[in-house]
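To be precise, the following lines are entry-v4.cif, and they hold mmCIF, C-alpha atoms.
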```cif
data_input
#
loop_
_atom_site.label_atom_id
_atom_site.label_comp_id
_atom_site.auth_asym_id
_atom_site.auth_seq_id
_atom_site.Cartn_x
_atom_site.Cartn_y
_atom_site.Cartn_z
CA MET A 1 -15.12 -4.92 19.62
CA ASN A 2 -15.58 -1.88 17.38
CA GLN A 3 -16.54 -2.27 13.74
CA PRO A 4 -13.43 -2.77 11.58
CA LYS A 5 -12.09 0.37 9.93
CA LEU A 6 -10.64 0.49 6.42
CA VAL A 7 -7.78 2.98 6.01
CA ALA A 8 -6.39 3.69 2.53
CA PHE A 9 -2.88 5.04 1.95
CA TYR A 10 -3.05 8.32 0.04
CA LEU A 11 -0.40 9.84 -2.25
CA PRO A 12 -0.31 13.69 -2.34
CA GLN A 13 2.00 13.79 -5.39
CA PHE A 14 -0.59 15.07 -7.87
CA HIS A 15 0.30 18.74 -8.01
CA PRO A 16 3.39 20.59 -9.24
CA ILE A 17 6.08 21.79 -6.84
CA PRO A 18 9.29 23.75 -7.56
CA GLU A 19 11.52 20.84 -6.55
CA ASN A 20 9.92 18.44 -9.03
CA ASP A 21 10.08 21.12 -11.71
CA GLU A 22 13.83 21.32 -11.11
CA TRP A 23 14.48 17.57 -10.90
CA TRP A 24 12.13 16.22 -13.56
CA GLY A 25 11.00 19.14 -15.72
CA THR A 26 8.46 21.94 -15.52
CA GLY A 27 4.96 20.82 -14.58
CA PHE A 28 5.98 17.35 -13.42
CA THR A 29 3.47 15.47 -11.27
CA GLU A 30 2.76 11.78 -10.75
CA TRP A 31 0.55 11.89 -13.86
CA THR A 32 3.70 12.47 -15.93
CA ASN A 33 4.80 8.95 -15.05
CA VAL A 34 1.34 7.37 -15.36
CA VAL A 35 0.83 8.18 -19.04
CA ARG A 36 4.19 6.57 -19.94
CA GLY A 37 3.05 3.05 -19.08
CA ASN A 38 3.33 0.49 -21.88
CA PRO A 39 2.16 -3.15 -21.84
CA MET A 40 4.84 -5.82 -21.41
CA TYR A 41 2.73 -8.78 -22.63
CA PRO A 42 -0.70 -9.42 -24.20
CA GLY A 43 -3.48 -8.48 -21.80
CA HIS A 44 -1.18 -6.39 -19.60
CA LEU A 45 -3.21 -3.36 -18.50
CA GLN A 46 -1.03 -0.32 -19.20
CA PRO A 47 -1.30 2.60 -19.00
CA HIS A 48 -3.73 3.03 -16.11
CA VAL A 49 -6.09 5.78 -17.23
CA PRO A 50 -8.16 7.61 -14.59
CA GLY A 51 -11.95 7.55 -14.83
CA GLU A 52 -14.37 10.20 -13.66
CA LEU A 53 -11.85 12.19 -11.59
CA GLY A 54 -9.54 12.64 -14.57
CA TYR A 55 -5.93 13.82 -14.32
CA TYR A 56 -6.67 15.92 -11.28
CA ASP A 57 -4.69 18.56 -9.37
CA LEU A 58 -4.84 18.05 -5.60
CA ARG A 59 -4.62 21.77 -4.99
CA GLU A 60 -8.30 21.89 -6.00
CA ASP A 61 -10.60 21.70 -3.00
CA SER A 62 -13.41 20.24 -5.12
CA ILE A 63 -11.26 17.25 -6.14
CA ARG A 64 -10.36 16.43 -2.56
CA ALA A 65 -14.01 16.79 -1.55
CA THR A 66 -15.07 14.37 -4.29
CA GLN A 67 -12.44 11.88 -3.17
CA ALA A 68 -13.83 11.99 0.36
CA GLU A 69 -17.38 11.49 -0.88
CA LEU A 70 -16.33 8.46 -2.91
CA ALA A 71 -14.41 7.03 0.04
CA ARG A 72 -17.36 7.34 2.41
CA ARG A 73 -19.84 5.94 -0.12
CA PHE A 74 -17.77 2.80 -0.69
CA GLY A 75 -16.72 2.07 2.87
CA ILE A 76 -13.31 3.74 3.31
CA ASP A 77 -13.17 5.17 6.83
CA ALA A 78 -9.95 7.19 6.66
CA PHE A 79 -6.98 8.20 4.52
CA CYS A 80 -3.38 7.71 5.60
CA TYR A 81 -1.38 10.51 3.97
CA TYR A 82 2.28 10.18 3.15
CA TYR A 83 4.14 12.89 5.02
CA TYR A 84 7.40 14.12 3.48
CA TRP A 85 9.94 15.73 5.83
CA PHE A 86 13.62 16.26 5.07
CA ASP A 87 15.47 17.87 7.99
CA GLY A 88 12.92 20.63 8.37
CA LYS A 89 11.90 20.87 4.72
CA ARG A 90 8.48 19.53 3.78
CA LEU A 91 7.43 18.53 0.28
CA LEU A 92 3.99 17.89 -1.27
CA GLU A 93 2.40 19.44 1.81
CA GLN A 94 -0.21 21.60 0.09
CA PRO A 95 -3.17 19.14 0.19
CA LEU A 96 -2.54 18.39 3.88
CA ASP A 97 -2.13 22.02 4.86
CA ALA A 98 -5.27 22.99 2.95
CA MET A 99 -7.21 20.31 4.82
CA LEU A 100 -5.88 21.46 8.21
CA ALA A 101 -6.90 25.01 7.34
CA GLY A 102 -10.50 23.86 7.00
CA GLY A 103 -10.60 22.57 3.45
CA ALA A 104 -11.49 19.15 2.07
CA PRO A 105 -11.50 16.29 2.59
CA ASP A 106 -13.69 16.16 5.68
CA LEU A 107 -12.65 12.61 6.46
CA PRO A 108 -10.66 11.02 9.30
CA PHE A 109 -6.95 10.76 8.56
CA CYS A 110 -3.56 9.74 9.89
CA LEU A 111 0.01 10.15 8.68
CA CYS A 112 2.82 7.91 7.48
CA TRP A 113 6.28 9.49 7.49
CA ALA A 114 7.91 8.44 4.21
CA ASN A 115 11.41 8.72 5.70
CA GLU A 116 13.49 7.76 2.67
CA ASN A 117 15.97 9.78 0.66
CA TRP A 118 14.53 10.84 -2.68
CA THR A 119 16.73 9.50 -5.49
CA ARG A 120 16.51 9.11 -9.24
CA ARG A 121 15.31 5.55 -8.72
CA TRP A 122 12.61 6.04 -11.33
CA ASP A 123 15.09 6.53 -14.16
CA GLY A 124 17.68 3.99 -13.02
CA LYS A 125 20.08 6.30 -11.19
CA ASP A 126 19.36 4.96 -7.69
CA HIS A 127 22.42 6.52 -6.08
CA GLU A 128 21.82 10.08 -7.28
CA VAL A 129 20.17 11.66 -4.24
CA LEU A 130 17.79 14.52 -4.92
CA ILE A 131 17.01 15.36 -1.29
CA SER A 132 18.18 13.42 1.73
CA GLN A 133 17.14 12.70 5.29
CA ASN A 134 19.40 14.06 8.00
CA HIS A 135 18.41 12.30 11.20
CA SER A 136 19.49 13.87 14.47
CA ASN A 137 18.12 14.62 17.92
CA GLU A 138 17.39 18.16 16.76
CA ASP A 139 15.51 16.90 13.73
CA ASN A 140 13.54 14.44 15.88
CA LEU A 141 12.17 17.35 17.89
CA LYS A 142 11.47 19.49 14.84
CA ILE A 143 9.42 16.83 13.12
CA ILE A 144 7.34 15.81 16.14
CA ARG A 145 6.53 19.45 16.84
CA ASP A 146 5.22 19.76 13.30
CA LEU A 147 3.31 16.49 13.57
CA ILE A 148 1.61 17.59 16.78
CA ARG A 149 -0.44 20.23 14.94
CA HIS A 150 -1.88 17.40 12.85
CA PHE A 151 -2.55 15.27 15.94
CA ARG A 152 -4.63 18.10 17.43
CA ASP A 153 -7.09 18.05 14.51
CA SER A 154 -10.45 16.57 15.52
CA ARG A 155 -10.43 14.34 12.42
CA TYR A 156 -7.13 12.69 13.30
CA LEU A 157 -7.41 8.90 13.65
CA ARG A 158 -6.90 7.64 17.18
CA ILE A 159 -6.54 4.27 18.87
CA ASP A 160 -7.83 4.31 22.44
CA GLY A 161 -7.54 8.08 22.30
CA ARG A 162 -3.92 8.01 21.06
CA PRO A 163 -3.03 9.58 17.68
CA LEU A 164 -1.92 6.89 15.22
CA MET A 165 1.45 7.62 13.58
CA ILE A 166 3.29 5.34 11.12
CA VAL A 167 6.99 5.29 10.22
CA TYR A 168 7.64 3.83 6.77
CA ARG A 169 11.31 2.76 7.05
CA LEU A 170 12.40 1.81 10.56
CA ASP A 171 15.66 0.49 9.13
CA GLN A 172 16.61 3.98 7.91
CA LEU A 173 16.67 5.48 11.41
CA PRO A 174 20.15 5.60 12.99
CA ASP A 175 18.76 5.55 16.57
CA PRO A 176 15.08 4.57 16.57
CA GLN A 177 14.87 4.24 20.34
CA ALA A 178 16.09 7.79 20.93
CA MET A 179 13.61 9.14 18.38
CA VAL A 180 10.71 7.25 19.94
CA GLN A 181 11.60 8.51 23.41
CA GLN A 182 11.87 12.10 22.19
CA TRP A 183 8.58 11.89 20.32
CA ARG A 184 6.70 10.44 23.26
CA GLU A 185 8.11 12.93 25.74
CA GLU A 186 7.36 15.90 23.49
CA CYS A 187 3.77 14.72 22.95
CA ARG A 188 3.25 14.37 26.69
CA GLN A 189 4.68 17.81 27.40
CA SER A 190 2.57 19.40 24.66
CA GLY A 191 -0.65 17.99 26.11
CA VAL A 192 -1.29 15.57 23.26
CA GLY A 193 -0.57 12.66 25.60
CA GLU A 194 0.45 9.21 24.45
CA ILE A 195 0.78 8.43 20.74
CA PHE A 196 0.21 5.05 19.09
CA LEU A 197 3.36 4.48 17.08
CA CYS A 198 3.54 1.93 14.26
CA ALA A 199 6.26 0.78 11.87
CA VAL A 200 5.66 -0.64 8.40
CA ARG A 201 6.57 -4.33 8.44
CA ARG A 202 9.29 -5.21 5.94
CA LEU A 203 11.48 -8.22 5.33
CA GLY A 204 14.73 -8.08 7.29
CA MET A 205 13.65 -5.09 9.42
CA PRO A 206 14.89 -4.48 12.98
CA ASP A 207 12.84 -5.48 16.03
CA ALA A 208 10.30 -2.66 16.36
CA LYS A 209 9.25 -3.69 19.87
CA ARG A 210 12.81 -3.28 21.10
CA TYR A 211 12.72 0.37 20.05
CA GLY A 212 9.38 1.17 21.68
CA PHE A 213 6.89 0.87 18.82
CA ASP A 214 3.34 -0.20 19.65
CA ALA A 215 2.45 -2.19 16.53
CA LEU A 216 3.32 -3.08 12.94
CA VAL A 217 1.40 -2.27 9.77
CA ASP A 218 1.55 -4.47 6.68
CA PHE A 219 2.27 -2.79 3.36
CA PRO A 220 2.01 -5.28 0.49
CA PRO A 221 3.82 -6.12 -1.64
CA HIS A 222 6.61 -5.28 0.84
CA GLY A 223 7.02 -7.75 3.67
CA PHE A 224 5.90 -10.81 1.71
CA VAL A 225 7.37 -13.30 -0.74
CA ALA A 226 5.17 -14.28 -3.68
CA ALA A 227 5.88 -16.91 -6.30
CA GLU A 228 7.17 -15.58 -9.62
CA LEU A 229 5.68 -16.43 -12.97
CA GLY A 230 8.98 -15.95 -14.77
CA ARG A 231 9.21 -16.49 -18.48
CA SER A 232 6.03 -18.55 -18.56
CA MET A 233 4.20 -15.31 -19.31
CA PRO A 234 3.11 -15.44 -22.97
CA SER A 235 4.93 -13.14 -25.39
CA LEU A 236 6.74 -11.22 -22.65
CA HIS A 237 8.61 -8.21 -24.05
CA GLU A 238 12.02 -9.50 -25.16
CA LYS A 239 13.86 -6.67 -23.37
CA PHE A 240 11.92 -6.97 -20.12
CA THR A 241 14.29 -7.42 -17.17
CA GLY A 242 11.77 -6.90 -14.39
CA ARG A 243 9.83 -9.51 -12.44
CA VAL A 244 6.29 -10.87 -12.71
CA PHE A 245 4.71 -12.24 -9.53
CA ASP A 246 1.48 -14.14 -8.87
CA TYR A 247 -1.10 -11.84 -7.24
CA GLN A 248 -3.07 -14.70 -5.72
CA ASP A 249 0.06 -16.14 -4.13
CA MET A 250 0.64 -12.73 -2.51
CA ALA A 251 -2.90 -12.80 -1.11
CA TYR A 252 -2.35 -16.37 0.13
CA GLU A 253 0.80 -15.36 2.02
CA SER A 254 -0.94 -12.37 3.57
CA ILE A 255 -3.96 -14.36 4.71
CA ARG A 256 -1.86 -17.11 6.29
CA PHE A 257 0.56 -14.69 7.95
CA GLU A 258 0.68 -14.87 11.75
CA SER A 259 1.59 -11.88 13.91
CA GLY A 260 4.73 -11.96 16.05
CA VAL A 261 5.47 -10.24 19.33
CA LEU A 262 3.77 -6.98 18.33
CA PRO A 263 0.17 -6.48 17.19
CA ASN A 264 0.12 -6.47 13.38
CA PHE A 265 -2.48 -4.63 11.34
CA PRO A 266 -3.01 -6.43 8.01
CA ALA A 267 -3.16 -4.69 4.66
CA VAL A 268 -4.30 -5.58 1.16
CA MET A 269 -3.64 -4.17 -2.29
CA PRO A 270 -6.10 -4.06 -5.19
CA SER A 271 -3.22 -4.48 -7.65
CA TRP A 272 0.44 -3.59 -8.14
CA ASP A 273 2.31 -2.76 -11.33
CA ASN A 274 4.99 -0.06 -11.42
CA THR A 275 5.60 -0.28 -15.17
CA ALA A 276 4.75 3.42 -15.49
CA ARG A 277 7.76 4.24 -13.30
CA LYS A 278 10.27 1.52 -14.11
CA GLY A 279 9.38 0.45 -17.62
CA LEU A 280 11.31 -2.68 -18.63
CA ARG A 281 12.52 -3.13 -15.02
CA ALA A 282 9.03 -3.16 -13.54
CA HIS A 283 7.58 -5.38 -10.84
CA ILE A 284 4.16 -6.65 -11.87
CA TYR A 285 1.69 -8.66 -9.77
CA HIS A 286 -0.18 -10.51 -12.46
CA GLY A 287 -3.76 -11.67 -12.08
CA SER A 288 -5.23 -8.98 -9.85
CA THR A 289 -8.97 -8.49 -10.34
CA PRO A 290 -11.72 -6.81 -8.30
CA LEU A 291 -13.14 -10.19 -7.18
CA ARG A 292 -9.74 -11.54 -6.10
CA TYR A 293 -9.11 -8.32 -4.19
CA ARG A 294 -12.60 -8.62 -2.68
CA ALA A 295 -11.80 -12.14 -1.47
CA TRP A 296 -8.50 -11.03 0.12
CA LEU A 297 -10.05 -7.98 1.78
CA ALA A 298 -12.95 -9.99 3.22
CA GLU A 299 -10.51 -12.41 4.86
CA SER A 300 -8.51 -9.52 6.31
CA ILE A 301 -11.64 -7.91 7.75
CA LYS A 302 -12.62 -11.26 9.24
CA ARG A 303 -9.16 -11.59 10.79
CA VAL A 304 -9.09 -8.19 12.51
CA SER A 305 -12.60 -8.76 13.84
CA THR A 306 -11.35 -11.69 15.90
CA ASP A 307 -7.71 -10.74 16.58
CA LYS A 308 -7.62 -9.97 20.30
CA ALA A 309 -4.04 -8.70 20.07
CA LEU A 310 -5.18 -5.66 18.08
CA PRO A 311 -6.33 -2.70 20.18
CA GLN A 312 -8.70 -1.74 17.36
CA PRO A 313 -9.71 -3.64 14.20
CA ILE A 314 -8.14 -1.81 11.24
CA VAL A 315 -7.28 -3.04 7.75
CA PHE A 316 -5.02 -0.85 5.63
CA ILE A 317 -5.34 -0.68 1.85
CA ASN A 318 -2.43 0.10 -0.44
CA ALA A 319 -3.64 2.38 -1.96
CA TRP A 320 -6.27 4.98 -2.75
CA ASN A 321 -4.37 6.64 -5.59
CA GLU A 322 -0.94 5.16 -6.36
CA TRP A 323 -1.57 5.43 -10.08
CA ALA A 324 2.04 5.08 -11.24
CA GLU A 325 2.33 1.86 -9.23
CA GLY A 326 -0.88 0.50 -10.75
CA CYS A 327 -2.35 0.40 -7.26
CA HIS A 328 -5.52 2.43 -6.81
CA LEU A 329 -9.13 2.24 -5.68
CA GLU A 330 -10.12 5.39 -7.57
CA PRO A 331 -12.23 4.75 -10.69
CA ASP A 332 -10.29 3.96 -13.87
CA ALA A 333 -11.20 3.83 -17.53
CA VAL A 334 -11.31 0.00 -17.65
CA TYR A 335 -12.86 -1.22 -14.39
CA GLY A 336 -14.78 1.93 -13.46
CA HIS A 337 -16.00 1.67 -9.87
CA ALA A 338 -15.34 -2.08 -9.61
CA TRP A 339 -12.46 -1.75 -7.11
CA LEU A 340 -14.64 0.45 -4.91
CA ASP A 341 -17.64 -1.86 -5.33
CA ALA A 342 -15.45 -4.78 -4.25
CA THR A 343 -14.33 -2.81 -1.19
CA ARG A 344 -17.90 -2.21 -0.08
CA THR A 345 -19.12 -5.77 -0.69
CA ALA A 346 -16.09 -7.29 1.10
CA ARG A 347 -17.43 -5.91 4.38
CA ALA A 348 -20.63 -7.94 4.03
CA ASP A 349 -18.72 -10.99 2.76
CA SER A 350 -16.57 -11.10 5.90
CA ASP A 351 -19.56 -12.17 8.03
CA ALA A 352 -20.53 -15.12 5.80
CA ASP A 353 -19.57 -18.73 6.52
CA ARG A 354 -18.94 -19.50 2.86
CA ARG A 355 -16.74 -16.84 1.30
CA LEU A 356 -14.84 -16.50 -1.97
CA TRP A 357 -11.58 -17.42 -0.28
CA THR A 358 -12.96 -20.38 1.70
CA GLU A 359 -14.46 -21.79 -1.51
CA TYR A 360 -11.65 -21.08 -4.00
CA GLY A 361 -8.58 -19.72 -2.20
CA ARG A 362 -5.82 -18.79 -4.62
CA ASN A 363 -7.61 -20.71 -7.39
CA LEU A 364 -10.33 -18.09 -7.76
CA PRO A 365 -10.93 -17.83 -11.52
CA ARG A 366 -10.14 -14.68 -13.44
CA LEU A 367 -13.18 -13.43 -15.36
CA SER A 368 -13.68 -11.06 -18.24
CA VAL A 369 -13.57 -7.37 -17.40
CA GLN A 370 -17.32 -7.10 -17.97
CA ASP A 371 -18.07 -9.96 -15.56
CA GLU A 372 -15.66 -8.59 -12.96
CA ILE A 373 -17.42 -5.21 -13.08
CA ARG A 374 -20.86 -6.80 -12.84
CA LEU A 375 -20.03 -9.20 -10.01
CA ALA A 376 -17.84 -6.85 -7.96
CA ARG A 377 -20.99 -5.26 -6.57
CA ALA A 378 -23.17 -8.37 -6.54
CA PRO A 379 -24.24 -10.15 -3.32
CA LEU A 380 -21.96 -13.00 -2.29
CA ASN A 381 -24.52 -15.75 -2.82
CA MET A 382 -25.05 -14.62 -6.41
CA VAL A 383 -21.29 -14.57 -7.07
CA LEU A 384 -20.80 -18.06 -5.62
CA GLU A 385 -23.72 -19.39 -7.66
CA GLU A 386 -22.29 -18.02 -10.91
CA PHE A 387 -18.83 -19.39 -10.14
CA ARG A 388 -20.18 -22.95 -10.12
CA SER A 389 -20.33 -22.93 -13.89
CA ILE A 390 -17.13 -20.96 -14.54
CA LYS A 391 -14.04 -22.90 -15.56
CA ARG A 392 -11.74 -20.06 -16.60
CA HIS A 393 -8.34 -19.99 -14.93
CA ASP A 394 -5.26 -17.81 -15.15
CA ILE A 395 -1.53 -18.45 -15.52
CA LYS A 396 -0.17 -20.16 -12.42
CA PRO A 397 3.36 -20.55 -11.03
CA THR A 398 5.03 -23.83 -11.90
CA THR A 399 6.01 -26.32 -9.21
CA ILE A 400 9.62 -25.12 -9.45
CA GLU A 401 8.53 -21.49 -9.06
CA ARG A 402 6.51 -22.38 -5.96
CA LEU A 403 9.46 -24.27 -4.50
CA ILE A 404 11.77 -21.30 -5.10
CA ALA A 405 9.25 -19.01 -3.36
CA ALA A 406 9.04 -21.42 -0.41
CA LEU A 407 12.84 -21.42 -0.13
CA ARG A 408 12.95 -17.64 -0.23
CA ARG A 409 10.37 -17.49 2.58
CA ARG A 410 12.47 -19.83 4.68
CA ILE A 411 15.61 -17.78 4.06
CA GLU A 412 13.79 -14.64 5.19
CA THR A 413 13.48 -16.23 8.66
CA TRP A 414 17.29 -16.65 8.85
CA PRO A 415 18.70 -13.10 8.93
CA TYR A 416 22.38 -14.10 8.75
CA VAL A 417 21.81 -16.39 5.77
CA ARG A 418 19.69 -13.72 4.10
CA ARG A 419 22.44 -11.12 4.37
CA ALA A 420 25.03 -13.57 3.04
CA ILE A 421 23.14 -14.64 -0.09
CA LEU A 422 21.38 -11.37 -0.96
CA PRO A 423 24.27 -10.05 -3.11
CA ILE A 424 24.32 -13.34 -5.07
CA ALA A 425 20.53 -13.29 -5.51
CA ARG A 426 20.73 -9.74 -6.84
CA ARG A 427 23.30 -10.72 -9.47
CA LEU A 428 21.04 -13.58 -10.55
CA GLY A 429 18.02 -11.30 -10.83
CA LEU A 430 16.21 -13.02 -7.95
CA ALA A 431 16.22 -9.96 -5.66
CA ASP A 432 16.49 -6.18 -5.87
#
```
Representation of the structure as structure tokens:
Amino acid sequence: MNQPKLVAFYLPQFHPIPENDEWWGTGFTEWTNVVRGNPMYPGHLQPHVPGELGYYDLREDSIRATQAELARRFGIDAFCYYYYWFDGKRLLEQPLDAMLAGGAPDLPFCLCWANENWTRRWDGKDHEVLISQNHSNEDNLKIIRDLIRHFRDSRYLRIDGRPLMIVYRLDQLPDPQAMVQQWREECRQSGVGEIFLCAVRRLGMPDAKRYGFDALVDFPPHGFVAAELGRSMPSLHEKFTGRVFDYQDMAYESIRFESGVLPNFPAVMPSWDNTARKGLRAHIYHGSTPLRYRAWLAESIKRVSTDKALPQPIVFINAWNEWAEGCHLEPDAVYGHAWLDATRTARADSDADRRLWTEYGRNLPRLSVQDEIRLARAPLNMVLEEFRSIKRHDIKPTTIERLIAALRRRIETWPYVRRAILPIARRLGLAD
């Protein structure tokens, strides 16, 4: 089997566009949200401040070239760009178009169609639509014809010679089967041939195999249930109405997850915290560290190396640069290159018999920032040796919180029950 590939989701939001100027104010980019982050409890890392790349503008070729150099140096094989299409209108397309025209980054890539309406979700007005999808047979043909020019690029990521394309929200398509048939037929007629079509796996989603998809792609934290830490968090902001989850429980659920009828590419996340976007309504995955991420990634690499159902071993990472969701591999002002160091060392860890996860699982201690930075790039045997004398632990879910999470996981396997109780759970603050 081929060497496992690591593919990082990539957000092209970091440059101004007229639409964002109109909706959010002149000069708005994702950085506008990032700098607004405020901590919700002692030790909560907010805001996330970029490191050596600074508050960049993705229209600059030099920035995209530096991103590619960093990715290659630390073991990222490709970027998966979010592709924004709204009934013939594209948004945030400038970095992609510049790359296709011969600019940076010179790195393999694929696309993920972010096929959601854009709303004012960030400021609490979820139902105020800024720009909407308008799915139709005509639109299906328009979008695949635009995608084909990307598929023809020599850098485009392929599986058994087939361009890899991901659809973010299968449940938002009114007739997925018709779209899939149109896309496949158009690709054949254009000379591209067969495409490898994936859907992001989410809780309660339709059966992707039924509609003609080839595989699923994980996208944590979506698609998993993690135990909540609730009000056990020390000195939590008194007006906080969001939710705090256990990062290590998320990793545990991902590692133990078993694929269903379709091949399922796993994914990991270095961290997740959308406080910069949602403020007091944020979702925070507490306890993420470079070493805990390293442990999760190593297990995922090990899994795809032996999963015979996968046509090619690929692990996705959410994400390269989701700064406003506290989810990035790019260097930051606190951890520096530690997330990237952990990415590179996880590859070597995956071949070892004794690994961080096999030794500690979700009880892997949380270290000081300085120790995390130092050990993120250290050989595995050195890390395991140092951990023998470390007794530091982090906040853990209570027994009740674990039982509630277990019940929620069971309910997710009963679609009719899930639909019946979801409105009640939302009123109780147990679901969104």
With the file shown as input, list the residues that the PyMOL selection byres ((chain A and resi 114) around 7) selects, as a PyMOL selection string. chain A and resi 82-84+112-113+115-116+167-168
Can you tell me, as a PyMOL selection string, what residues are no more than 7 Å from A:Phe245 when counting all atoms listed in the file, ignoring any on the same chain fewer than 6 positions away? chain A and resi 226-229+284-286
Would you write out, as CSV, a table of all residues in stretch 164-270 of chain A that have an atom no more than 12 Å from an atom of stretch 302-318 of chain A, listing for each the closest atom pair and the distance in Å to one decimal, considering all atoms listed in the file and ordering rows by chain and rising residue number?
```
residue,atom,partner,partner_atom,distance
A:Leu164,CA,A:Gln312,CA,11.2
A:Ile166,CA,A:Phe316,CA,11.7
A:Phe196,CA,A:Pro311,CA,10.2
A:Val200,CA,A:Phe316,CA,11.0
A:Asp214,CA,A:Pro311,CA,10.0
A:Ala215,CA,A:Leu310,CA,8.5
A:Leu216,CA,A:Leu310,CA,10.3
A:Val217,CA,A:Phe316,CA,7.8
A:Asp218,CA,A:Phe316,CA,7.6
A:Phe219,CA,A:Asn318,CA,6.7
A:Pro220,CA,A:Asn318,CA,7.0
A:Pro221,CA,A:Asn318,CA,8.9
A:His222,CA,A:Asn318,CA,10.6
A:Ser254,CA,A:Arg303,CA,11.0
A:Ile255,CA,A:Arg303,CA,8.5
A:Arg256,CA,A:Arg303,CA,10.2
A:Phe257,CA,A:Arg303,CA,10.6
A:Glu258,CA,A:Arg303,CA,10.4
A:Ser259,CA,A:Ala309,CA,8.9
A:Gly260,CA,A:Ala309,CA,10.2
A:Val261,CA,A:Ala309,CA,9.7
A:Leu262,CA,A:Ala309,CA,8.2
A:Pro263,CA,A:Leu310,CA,5.5
A:Asn264,CA,A:Leu310,CA,7.1
A:Phe265,CA,A:Val315,CA,6.2
A:Pro266,CA,A:Val315,CA,5.5
A:Ala267,CA,A:Phe316,CA,4.4
A:Val268,CA,A:Ile317,CA,5.1
A:Met269,CA,A:Asn318,CA,4.8
A:Pro270,CA,A:Asn318,CA,7.3
```
Please determine, counting only C-alpha atoms, which residue among A:Asn137, A:Thr32, A:Ser62, A:Gln172 has the shortest atom-to-atom distance to A:Ala104. A:Ser62
Atom CA of A:Val34 to atom CA of A:Asp273: how many Å, to one decimal? 10.9 Å
Using all atoms listed in the file, I'd like a table of the residues in stretch 170-272 of chain A that come within 10 Å of stretch 143-156 of chain A; for each, show the closest atom pair and its distance in Å rounded to one decimal, ordered by chain and ascending number, as a Markdown table.
```
| residue | atom | partner | partner_atom | distance |
| --- | --- | --- | --- | --- |
| A:Met179 | CA | A:Ile144 | CA | 9.4 |
| A:Val180 | CA | A:Ile144 | CA | 10.0 |
| A:Gln182 | CA | A:Ile144 | CA | 8.4 |
| A:Trp183 | CA | A:Ile144 | CA | 5.9 |
| A:Arg184 | CA | A:Ile144 | CA | 8.9 |
| A:Glu186 | CA | A:Ile144 | CA | 7.4 |
| A:Cys187 | CA | A:Ile148 | CA | 7.1 |
| A:Ser190 | CA | A:Ile148 | CA | 8.1 |
| A:Gly191 | CA | A:Arg152 | CA | 9.5 |
| A:Val192 | CA | A:Arg152 | CA | 7.2 |
| A:Ile195 | CA | A:Phe151 | CA | 9.0 |
```
Those same residues, written as a compact mmCIF listing (two decimals), keeping the file's coordinate frame with C-alpha atoms?
```txt
# COMPACT_ATOMS: atom_id res chain seq x y z
CA MET A 179 13.61 9.14 18.38
CA VAL A 180 10.71 7.25 19.94
CA GLN A 182 11.87 12.10 22.19
CA TRP A 183 8.58 11.89 20.32
CA ARG A 184 6.70 10.44 23.26
CA GLU A 186 7.36 15.90 23.49
CA CYS A 187 3.77 14.72 22.95
CA SER A 190 2.57 19.40 24.66
CA GLY A 191 -0.65 17.99 26.11
CA VAL A 192 -1.29 15.57 23.26
CA ILE A 195 0.78 8.43 20.74
```
